[in-house]
Amino acid sequence: MVRVGLVGVGFMGRTHFDAYANIPNTQVTALADIDPHRAKGDMSTVWGNLPTGGTSQLPMDGVASTTDYKELVAMDDVDVIDICVQTPGHKDVALAATKAGKHVVCEKPLARTSSDARQIATAANQSEGYFMPAMCIRFWPGWSWAKEVLDNGRFGKVLAANFRRVSDPPPGWYQDGALSGGAALDLHLHDTDFVQYLFGVPNGVSSHGYVKHTGEVDHLVTTYLYDDVPLVVAEGGWAMSGGFGFTMRYTINFENATIDYNLDRGDEALVIHQGGNTEVITIESKSGQEVELAYFADCIEKGEPPSVVTVDDAVAAIRIVEAEVQSVRTGAPVTM
């Protein structure tokens, strides 16, 4: 049994807690949050952008509670530190956890800046425990399938890939770009990372966008520049008017087929268009968070470091986003 201490019990902390309830070889044994009510599992004031319902009061039987993450890190009955605090707090918790030799899973983005992310990566690579950034889109049913068919060459070479992830503005601390990094770092990073997962780090980026709510880039469109893929574009932002909600989708055009994922289609989210026919692909109803956390628990039990995503991948994703933001602000392409 992999015993988990969850640090940060907001929307994403609740999402992780609910995911662990569906993973048989895991058990949450401790919670830490600076808010004493949340530390005790009270989710009544927590916001979220995914239609999962979620838990309003976490079941706390057998779960320790503290407002000091250092106390949680020191607990003997915690194998994994799951970091879901606000982005600027990732570094301190990660450094403490890696120093203690704990296994660590850290929500994205790994850190507020690539410089802080590199410090985490250095510590993680020297630690006795395993470290996995929680880049959930690499694991998301329908998205992981896209990686599989690209790698096995089922539909030939990729001619174009387009990604879109947009929403109305999130509340709370996300509105402070100094904390969240705006939509570019907090939301669009998902697709930037998935692009590098599919195609590698681009040669450069050319981005256009604007600031609306946070003082940082809140909506942008990026063209990622590659020698071997003609067209790769991603749009991300949380600048839509209130009531718009949240959507994510991709369209990848191969030589011999077009695959299209659209969250708004529900059970028919993923389709293949090929030879004049359209086929709906059945995918798991699990969230990417549940799949990634189950994967990490299996890695720990097998004694195998995670390979689907590494701490160095997470650093690279932030570097690419920072180049995108630079491109928006300067109006010029940026070479990686």
# chains A, B, ... in the order shown; residues from 1 in each chain; ligands from 1
>>> residues_around(residues="region 198-214 of chain A", least_positions_apart="2", cutoff="6 Å", atoms="only C-alpha atoms", output="number ranges by chain")
A: 175-177, 182, 195-196, 216-226, 324, 327-328, 333-336
>>> closest_atom_pairs(of="region 122-185 of chain A", to="region 292-306 of chain A", cutoff="10 Å", atoms="only C-alpha atoms", output="CSV")
residue,atom,partner,partner_atom,distance
A:Gly129,CA,A:Pro305,CA,8.9
A:Tyr130,CA,A:Pro305,CA,5.9
A:Phe131,CA,A:Pro306,CA,7.7
A:Met132,CA,A:Pro306,CA,6.6
A:Pro133,CA,A:Glu292,CA,9.6
A:Ala134,CA,A:Glu292,CA,7.1
A:Met135,CA,A:Glu292,CA,8.0
A:Cys136,CA,A:Glu292,CA,6.2
A:Ile137,CA,A:Glu292,CA,9.0
A:Arg138,CA,A:Glu292,CA,8.3
A:Phe139,CA,A:Glu292,CA,5.8
A:Trp140,CA,A:Glu292,CA,8.2
>>> write_last_selection(atoms="all heavy atoms", output="mmCIF file, in the first residue's frame")
data_model
loop_
_atom_site.group_PDB
_atom_site.id
_atom_site.type_symbol
_atom_site.label_atom_id
_atom_site.label_comp_id
_atom_site.auth_asym_id
_atom_site.auth_seq_id
_atom_site.Cartn_x
_atom_site.Cartn_y
_atom_site.Cartn_z
ATOM 1 N N GLY A 129 14.045 9.246 -3.304
ATOM 2 C CA GLY A 129 12.678 8.966 -3.740
ATOM 3 C C GLY A 129 12.471 9.285 -5.206
ATOM 4 O O GLY A 129 13.277 9.968 -5.849
ATOM 5 N N TYR A 130 11.362 8.774 -5.753
ATOM 6 C CA TYR A 130 10.976 9.097 -7.122
ATOM 7 C C TYR A 130 10.233 10.428 -7.133
ATOM 8 O O TYR A 130 9.557 10.794 -6.167
ATOM 9 C CB TYR A 130 10.068 8.018 -7.701
ATOM 10 C CG TYR A 130 10.705 6.648 -7.813
ATOM 11 C CD1 TYR A 130 9.928 5.496 -7.736
ATOM 12 C CD2 TYR A 130 12.075 6.497 -8.003
ATOM 13 C CE1 TYR A 130 10.497 4.237 -7.845
ATOM 14 C CE2 TYR A 130 12.655 5.249 -8.120
ATOM 15 C CZ TYR A 130 11.858 4.124 -8.038
ATOM 16 O OH TYR A 130 12.442 2.892 -8.132
ATOM 17 N N PHE A 131 10.347 11.135 -8.259
ATOM 18 C CA PHE A 131 9.676 12.431 -8.414
ATOM 19 C C PHE A 131 8.939 12.421 -9.746
ATOM 20 O O PHE A 131 9.530 12.132 -10.783
ATOM 21 C CB PHE A 131 10.709 13.568 -8.390
ATOM 22 C CG PHE A 131 10.115 14.935 -8.239
ATOM 23 C CD1 PHE A 131 10.271 15.640 -7.055
ATOM 24 C CD2 PHE A 131 9.399 15.536 -9.271
ATOM 25 C CE1 PHE A 131 9.731 16.908 -6.897
ATOM 26 C CE2 PHE A 131 8.850 16.794 -9.130
ATOM 27 C CZ PHE A 131 9.017 17.479 -7.932
ATOM 28 N N MET A 132 7.631 12.749 -9.696
ATOM 29 C CA MET A 132 6.865 12.823 -10.939
ATOM 30 C C MET A 132 6.037 14.102 -10.987
ATOM 31 O O MET A 132 5.196 14.336 -10.127
ATOM 32 C CB MET A 132 5.923 11.626 -11.102
ATOM 33 C CG MET A 132 5.312 11.558 -12.502
ATOM 34 S SD MET A 132 4.149 10.184 -12.752
ATOM 35 C CE MET A 132 2.663 10.902 -12.059
ATOM 36 N N PRO A 133 6.272 14.958 -11.992
ATOM 37 C CA PRO A 133 5.389 16.100 -12.208
ATOM 38 C C PRO A 133 4.023 15.598 -12.685
ATOM 39 O O PRO A 133 3.941 14.676 -13.500
ATOM 40 C CB PRO A 133 6.090 16.903 -13.310
ATOM 41 C CG PRO A 133 7.469 16.340 -13.386
ATOM 42 C CD PRO A 133 7.362 14.922 -12.957
ATOM 43 N N ALA A 134 2.969 16.213 -12.185
ATOM 44 C CA ALA A 134 1.610 15.756 -12.514
ATOM 45 C C ALA A 134 1.126 16.418 -13.806
ATOM 46 O O ALA A 134 0.265 17.295 -13.792
ATOM 47 C CB ALA A 134 0.661 16.046 -11.361
ATOM 48 N N MET A 135 1.695 15.992 -14.925
ATOM 49 C CA MET A 135 1.293 16.500 -16.238
ATOM 50 C C MET A 135 0.184 15.583 -16.759
ATOM 51 O O MET A 135 0.405 14.663 -17.545
ATOM 52 C CB MET A 135 2.490 16.529 -17.178
ATOM 53 C CG MET A 135 3.713 17.248 -16.608
ATOM 54 S SD MET A 135 3.414 18.983 -16.163
ATOM 55 C CE MET A 135 3.259 19.732 -17.766
ATOM 56 N N CYS A 136 -1.039 15.847 -16.310
ATOM 57 C CA CYS A 136 -2.129 14.878 -16.460
ATOM 58 C C CYS A 136 -2.545 14.640 -17.902
ATOM 59 O O CYS A 136 -3.099 13.582 -18.218
ATOM 60 C CB CYS A 136 -3.325 15.307 -15.624
ATOM 61 S SG CYS A 136 -4.108 16.852 -16.157
ATOM 62 N N ILE A 137 -2.308 15.579 -18.808
ATOM 63 C CA ILE A 137 -2.770 15.392 -20.186
ATOM 64 C C ILE A 137 -1.997 14.268 -20.873
ATOM 65 O O ILE A 137 -2.534 13.591 -21.756
ATOM 66 C CB ILE A 137 -2.646 16.715 -20.971
ATOM 67 C CG1 ILE A 137 -3.580 17.763 -20.343
ATOM 68 C CG2 ILE A 137 -3.030 16.524 -22.437
ATOM 69 C CD1 ILE A 137 -5.046 17.359 -20.288
ATOM 70 N N ARG A 138 -0.779 14.015 -20.455
ATOM 71 C CA ARG A 138 -0.047 12.869 -21.005
ATOM 72 C C ARG A 138 -0.761 11.550 -20.693
ATOM 73 O O ARG A 138 -0.540 10.548 -21.380
ATOM 74 C CB ARG A 138 1.376 12.823 -20.451
ATOM 75 C CG ARG A 138 2.256 13.989 -20.871
ATOM 76 C CD ARG A 138 3.703 13.754 -20.467
ATOM 77 N NE ARG A 138 4.560 14.883 -20.843
ATOM 78 C CZ ARG A 138 5.826 14.777 -21.199
ATOM 79 N NH1 ARG A 138 6.405 13.587 -21.223
ATOM 80 N NH2 ARG A 138 6.533 15.847 -21.519
ATOM 81 N N PHE A 139 -1.585 11.554 -19.656
ATOM 82 C CA PHE A 139 -2.273 10.346 -19.208
ATOM 83 C C PHE A 139 -3.764 10.360 -19.547
ATOM 84 O O PHE A 139 -4.434 9.351 -19.353
ATOM 85 C CB PHE A 139 -2.112 10.195 -17.697
ATOM 86 C CG PHE A 139 -0.690 10.040 -17.240
ATOM 87 C CD1 PHE A 139 0.101 11.151 -16.998
ATOM 88 C CD2 PHE A 139 -0.135 8.786 -17.057
ATOM 89 C CE1 PHE A 139 1.421 11.011 -16.568
ATOM 90 C CE2 PHE A 139 1.169 8.628 -16.634
ATOM 91 C CZ PHE A 139 1.953 9.748 -16.389
ATOM 92 N N TRP A 140 -4.274 11.470 -20.033
ATOM 93 C CA TRP A 140 -5.723 11.634 -20.189
ATOM 94 C C TRP A 140 -6.240 10.700 -21.287
ATOM 95 O O TRP A 140 -5.743 10.715 -22.410
ATOM 96 C CB TRP A 140 -6.054 13.082 -20.545
ATOM 97 C CG TRP A 140 -7.444 13.453 -20.122
ATOM 98 C CD1 TRP A 140 -8.604 13.162 -20.771
ATOM 99 C CD2 TRP A 140 -7.803 14.170 -18.945
ATOM 100 N NE1 TRP A 140 -9.675 13.653 -20.071
ATOM 101 C CE2 TRP A 140 -9.213 14.271 -18.935
ATOM 102 C CE3 TRP A 140 -7.071 14.729 -17.890
ATOM 103 C CZ2 TRP A 140 -9.909 14.926 -17.914
ATOM 104 C CZ3 TRP A 140 -7.764 15.367 -16.879
ATOM 105 C CH2 TRP A 140 -9.165 15.468 -16.896
#
>>> residues_around(residues="Asp33 (chain A)", least_positions_apart="3", cutoff="8 Å", atoms="only C-alpha atoms", output="PyMOL selection string")
chain A and resi 7-9+36+38-39+66-69
>>> closest_residue(among="A:Leu95, A:Val166, A:Asp228, A:Ala317", to="Ser241 (chain A)", atoms="only C-alpha atoms")
A:Val166
>>> select_by_dssp(residues="region 187-239 of chain A", states="strand (DSSP E or B)", output="list in words")
Gly204, Val205, Ser206, Ser207, His208, Gly209, Tyr210, Val211, Val217, Asp218, His219, Leu220, Val221, Thr222, Thr223, Tyr224, Leu225, Leu231, Val232, Val233, Ala234, Glu235, Gly236 and Gly237 of chain A
>>> write_last_selection(atoms="C-alpha atoms", output="PDB file, in the first residue's frame")
ATOM      1  CA  GLY A 204      11.246  28.026 -31.664  1.00  0.00           C
ATOM      2  CA  VAL A 205       7.840  29.560 -31.029  1.00  0.00           C
ATOM      3  CA  SER A 206       5.820  32.371 -32.515  1.00  0.00           C
ATOM      4  CA  SER A 207       3.009  33.563 -30.240  1.00  0.00           C
ATOM      5  CA  HIS A 208       0.327  36.235 -30.200  1.00  0.00           C
ATOM      6  CA  GLY A 209      -1.954  37.069 -27.296  1.00  0.00           C
ATOM      7  CA  TYR A 210      -3.004  39.583 -24.697  1.00  0.00           C
ATOM      8  CA  VAL A 211      -3.290  40.378 -20.990  1.00  0.00           C
ATOM      9  CA  VAL A 217      -0.729  36.638 -20.622  1.00  0.00           C
ATOM     10  CA  ASP A 218      -4.318  35.376 -20.308  1.00  0.00           C
ATOM     11  CA  HIS A 219      -5.000  34.243 -23.889  1.00  0.00           C
ATOM     12  CA  LEU A 220      -2.540  33.263 -26.593  1.00  0.00           C
ATOM     13  CA  VAL A 221      -2.076  31.298 -29.765  1.00  0.00           C
ATOM     14  CA  THR A 222       1.309  29.734 -30.488  1.00  0.00           C
ATOM     15  CA  THR A 223       2.840  28.196 -33.570  1.00  0.00           C
ATOM     16  CA  TYR A 224       5.560  25.713 -32.587  1.00  0.00           C
ATOM     17  CA  LEU A 225       8.343  25.515 -35.146  1.00  0.00           C
ATOM     18  CA  LEU A 231       2.027  22.998 -38.699  1.00  0.00           C
ATOM     19  CA  VAL A 232       1.621  22.739 -34.904  1.00  0.00           C
ATOM     20  CA  VAL A 233      -0.609  25.319 -33.201  1.00  0.00           C
ATOM     21  CA  ALA A 234      -2.097  25.630 -29.706  1.00  0.00           C
ATOM     22  CA  GLU A 235      -4.550  28.145 -28.270  1.00  0.00           C
ATOM     23  CA  GLY A 236      -5.000  28.573 -24.539  1.00  0.00           C
ATOM     24  CA  GLY A 237      -6.656  31.078 -22.285  1.00  0.00           C
TER      25      GLY A 237
END
>>> closest_atom_pairs(of="region 223-259 of chain A", to="region 272-281 of chain A", cutoff="7 Å", atoms="only C-alpha atoms", output="CSV")
residue,atom,partner,partner_atom,distance
A:Asn256,CA,A:Gln274,CA,6.8
A:Ala257,CA,A:Gln274,CA,4.7
A:Thr258,CA,A:His273,CA,5.1
A:Ile259,CA,A:Ile272,CA,4.5
>>> atom_distance(atom1="CA of His103 (chain A)", atom2="CA of Asp79 (chain A)")
6.2 Å
>>> select_by_dssp(residues="region 84-284 of chain A", states="helix (DSSP H, G or I)", output="JSON, numbers by chain")
{"A": [87, 88, 89, 90, 91, 92, 93, 94, 95, 96, 97, 98, 99, 114, 115, 116, 117, 118, 119, 120, 121, 122, 123, 124, 125, 126, 136, 137, 138, 144, 145, 146, 147, 148, 149, 150, 151, 152, 172, 173, 174, 175, 177, 178, 179, 180, 182, 183, 184, 185, 186, 189, 190, 191, 192, 193, 194, 195, 196, 197, 198, 199, 263, 264, 265, 266, 267, 268]}
>>> residues_around(residues="region 151-159 of chain A", least_positions_apart="6", cutoff="6 Å", atoms="only C-alpha atoms", output="list in words")
Val229, Pro230, Asn253, Phe254, Glu255, Asn256 and Ala257 of chain A
>>> write_last_selection(atoms="N, CA and C atoms", output="PDB file, in the first residue's frame")
ATOM      1  N   VAL A 229       7.489  18.669 -38.889  1.00  0.00           N
ATOM      2  CA  VAL A 229       6.031  18.756 -38.802  1.00  0.00           C
ATOM      3  C   VAL A 229       5.633  20.138 -39.322  1.00  0.00           C
ATOM      4  N   PRO A 230       4.865  20.189 -40.413  1.00  0.00           N
ATOM      5  CA  PRO A 230       4.610  21.485 -41.059  1.00  0.00           C
ATOM      6  C   PRO A 230       3.865  22.499 -40.192  1.00  0.00           C
ATOM      7  N   ASN A 253      -4.063  16.068 -37.956  1.00  0.00           N
ATOM      8  CA  ASN A 253      -4.237  15.625 -39.335  1.00  0.00           C
ATOM      9  C   ASN A 253      -3.000  14.835 -39.769  1.00  0.00           C
ATOM     10  N   PHE A 254      -3.192  13.525 -39.927  1.00  0.00           N
ATOM     11  CA  PHE A 254      -2.131  12.650 -40.412  1.00  0.00           C
ATOM     12  C   PHE A 254      -2.227  12.520 -41.936  1.00  0.00           C
ATOM     13  N   GLU A 255      -1.274  11.844 -42.526  1.00  0.00           N
ATOM     14  CA  GLU A 255      -1.314  11.594 -43.967  1.00  0.00           C
ATOM     15  C   GLU A 255      -2.561  10.820 -44.368  1.00  0.00           C
ATOM     16  N   ASN A 256      -3.012   9.898 -43.501  1.00  0.00           N
ATOM     17  CA  ASN A 256      -4.063   8.968 -43.895  1.00  0.00           C
ATOM     18  C   ASN A 256      -5.324   9.032 -43.040  1.00  0.00           C
ATOM     19  N   ALA A 257      -5.409   9.953 -42.130  1.00  0.00           N
ATOM     20  CA  ALA A 257      -6.593  10.089 -41.288  1.00  0.00           C
ATOM     21  C   ALA A 257      -6.521  11.394 -40.507  1.00  0.00           C
TER      22      ALA A 257
END
>>> decode(residues="region 179-245 of chain A", atoms="C-alpha atoms", output="PDB file, in the first residue's frame")
ATOM      1  CA  LEU A 179       1.217  33.891  -8.260  1.00  0.00           C
ATOM      2  CA  SER A 180      -0.357  31.909 -11.099  1.00  0.00           C
ATOM      3  CA  GLY A 181       1.605  33.121 -14.121  1.00  0.00           C
ATOM      4  CA  GLY A 182      -1.679  33.821 -15.880  1.00  0.00           C
ATOM      5  CA  ALA A 183      -3.343  31.400 -18.263  1.00  0.00           C
ATOM      6  CA  ALA A 184      -0.127  30.952 -20.247  1.00  0.00           C
ATOM      7  CA  LEU A 185       1.618  29.159 -17.382  1.00  0.00           C
ATOM      8  CA  ASP A 186      -1.291  27.649 -15.475  1.00  0.00           C
ATOM      9  CA  LEU A 187      -3.618  26.465 -18.262  1.00  0.00           C
ATOM     10  CA  HIS A 188      -1.911  26.648 -21.651  1.00  0.00           C
ATOM     11  CA  LEU A 189       1.083  24.775 -20.203  1.00  0.00           C
ATOM     12  CA  HIS A 190      -0.958  21.568 -20.553  1.00  0.00           C
ATOM     13  CA  ASP A 191      -0.888  21.807 -24.333  1.00  0.00           C
ATOM     14  CA  THR A 192       2.654  23.121 -24.527  1.00  0.00           C
ATOM     15  CA  ASP A 193       3.758  20.045 -22.624  1.00  0.00           C
ATOM     16  CA  PHE A 194       1.654  17.734 -24.774  1.00  0.00           C
ATOM     17  CA  VAL A 195       3.167  19.265 -27.898  1.00  0.00           C
ATOM     18  CA  GLN A 196       6.679  18.509 -26.626  1.00  0.00           C
ATOM     19  CA  TYR A 197       5.501  15.019 -25.593  1.00  0.00           C
ATOM     20  CA  LEU A 198       4.408  14.342 -29.177  1.00  0.00           C
ATOM     21  CA  PHE A 199       7.091  16.153 -31.153  1.00  0.00           C
ATOM     22  CA  GLY A 200       9.936  17.096 -28.803  1.00  0.00           C
ATOM     23  CA  VAL A 201      11.109  20.574 -27.827  1.00  0.00           C
ATOM     24  CA  PRO A 202      10.440  22.915 -30.759  1.00  0.00           C
ATOM     25  CA  ASN A 203      13.123  24.881 -32.566  1.00  0.00           C
ATOM     26  CA  GLY A 204      11.246  28.026 -31.664  1.00  0.00           C
ATOM     27  CA  VAL A 205       7.840  29.560 -31.029  1.00  0.00           C
ATOM     28  CA  SER A 206       5.820  32.371 -32.515  1.00  0.00           C
ATOM     29  CA  SER A 207       3.009  33.563 -30.240  1.00  0.00           C
ATOM     30  CA  HIS A 208       0.327  36.235 -30.200  1.00  0.00           C
ATOM     31  CA  GLY A 209      -1.954  37.069 -27.296  1.00  0.00           C
ATOM     32  CA  TYR A 210      -3.004  39.583 -24.697  1.00  0.00           C
ATOM     33  CA  VAL A 211      -3.290  40.378 -20.990  1.00  0.00           C
ATOM     34  CA  LYS A 212      -6.800  40.723 -19.577  1.00  0.00           C
ATOM     35  CA  HIS A 213      -7.270  39.770 -15.914  1.00  0.00           C
ATOM     36  CA  THR A 214      -4.034  38.857 -14.231  1.00  0.00           C
ATOM     37  CA  GLY A 215      -1.239  41.146 -15.400  1.00  0.00           C
ATOM     38  CA  GLU A 216       0.212  38.145 -17.247  1.00  0.00           C
ATOM     39  CA  VAL A 217      -0.729  36.638 -20.622  1.00  0.00           C
ATOM     40  CA  ASP A 218      -4.318  35.376 -20.308  1.00  0.00           C
ATOM     41  CA  HIS A 219      -5.000  34.243 -23.889  1.00  0.00           C
ATOM     42  CA  LEU A 220      -2.540  33.263 -26.593  1.00  0.00           C
ATOM     43  CA  VAL A 221      -2.076  31.298 -29.765  1.00  0.00           C
ATOM     44  CA  THR A 222       1.309  29.734 -30.488  1.00  0.00           C
ATOM     45  CA  THR A 223       2.840  28.196 -33.570  1.00  0.00           C
ATOM     46  CA  TYR A 224       5.560  25.713 -32.587  1.00  0.00           C
ATOM     47  CA  LEU A 225       8.343  25.515 -35.146  1.00  0.00           C
ATOM     48  CA  TYR A 226       9.653  22.103 -36.224  1.00  0.00           C
ATOM     49  CA  ASP A 227      11.681  20.862 -39.166  1.00  0.00           C
ATOM     50  CA  ASP A 228       9.612  17.700 -39.657  1.00  0.00           C
ATOM     51  CA  VAL A 229       6.031  18.756 -38.802  1.00  0.00           C
ATOM     52  CA  PRO A 230       4.610  21.485 -41.059  1.00  0.00           C
ATOM     53  CA  LEU A 231       2.027  22.998 -38.699  1.00  0.00           C
ATOM     54  CA  VAL A 232       1.621  22.739 -34.904  1.00  0.00           C
ATOM     55  CA  VAL A 233      -0.609  25.319 -33.201  1.00  0.00           C
ATOM     56  CA  ALA A 234      -2.097  25.630 -29.706  1.00  0.00           C
ATOM     57  CA  GLU A 235      -4.550  28.145 -28.270  1.00  0.00           C
ATOM     58  CA  GLY A 236      -5.000  28.573 -24.539  1.00  0.00           C
ATOM     59  CA  GLY A 237      -6.656  31.078 -22.285  1.00  0.00           C
ATOM     60  CA  TRP A 238      -9.088  31.884 -19.524  1.00  0.00           C
ATOM     61  CA  ALA A 239     -10.216  35.244 -20.931  1.00  0.00           C
ATOM     62  CA  MET A 240     -13.689  34.216 -22.094  1.00  0.00           C
ATOM     63  CA  SER A 241     -16.742  35.945 -20.629  1.00  0.00           C
ATOM     64  CA  GLY A 242     -18.359  34.514 -17.518  1.00  0.00           C
ATOM     65  CA  GLY A 243     -20.596  31.552 -18.272  1.00  0.00           C
ATOM     66  CA  PHE A 244     -18.450  30.254 -21.133  1.00  0.00           C
ATOM     67  CA  GLY A 245     -17.213  27.375 -19.014  1.00  0.00           C
TER      68      GLY A 245
END
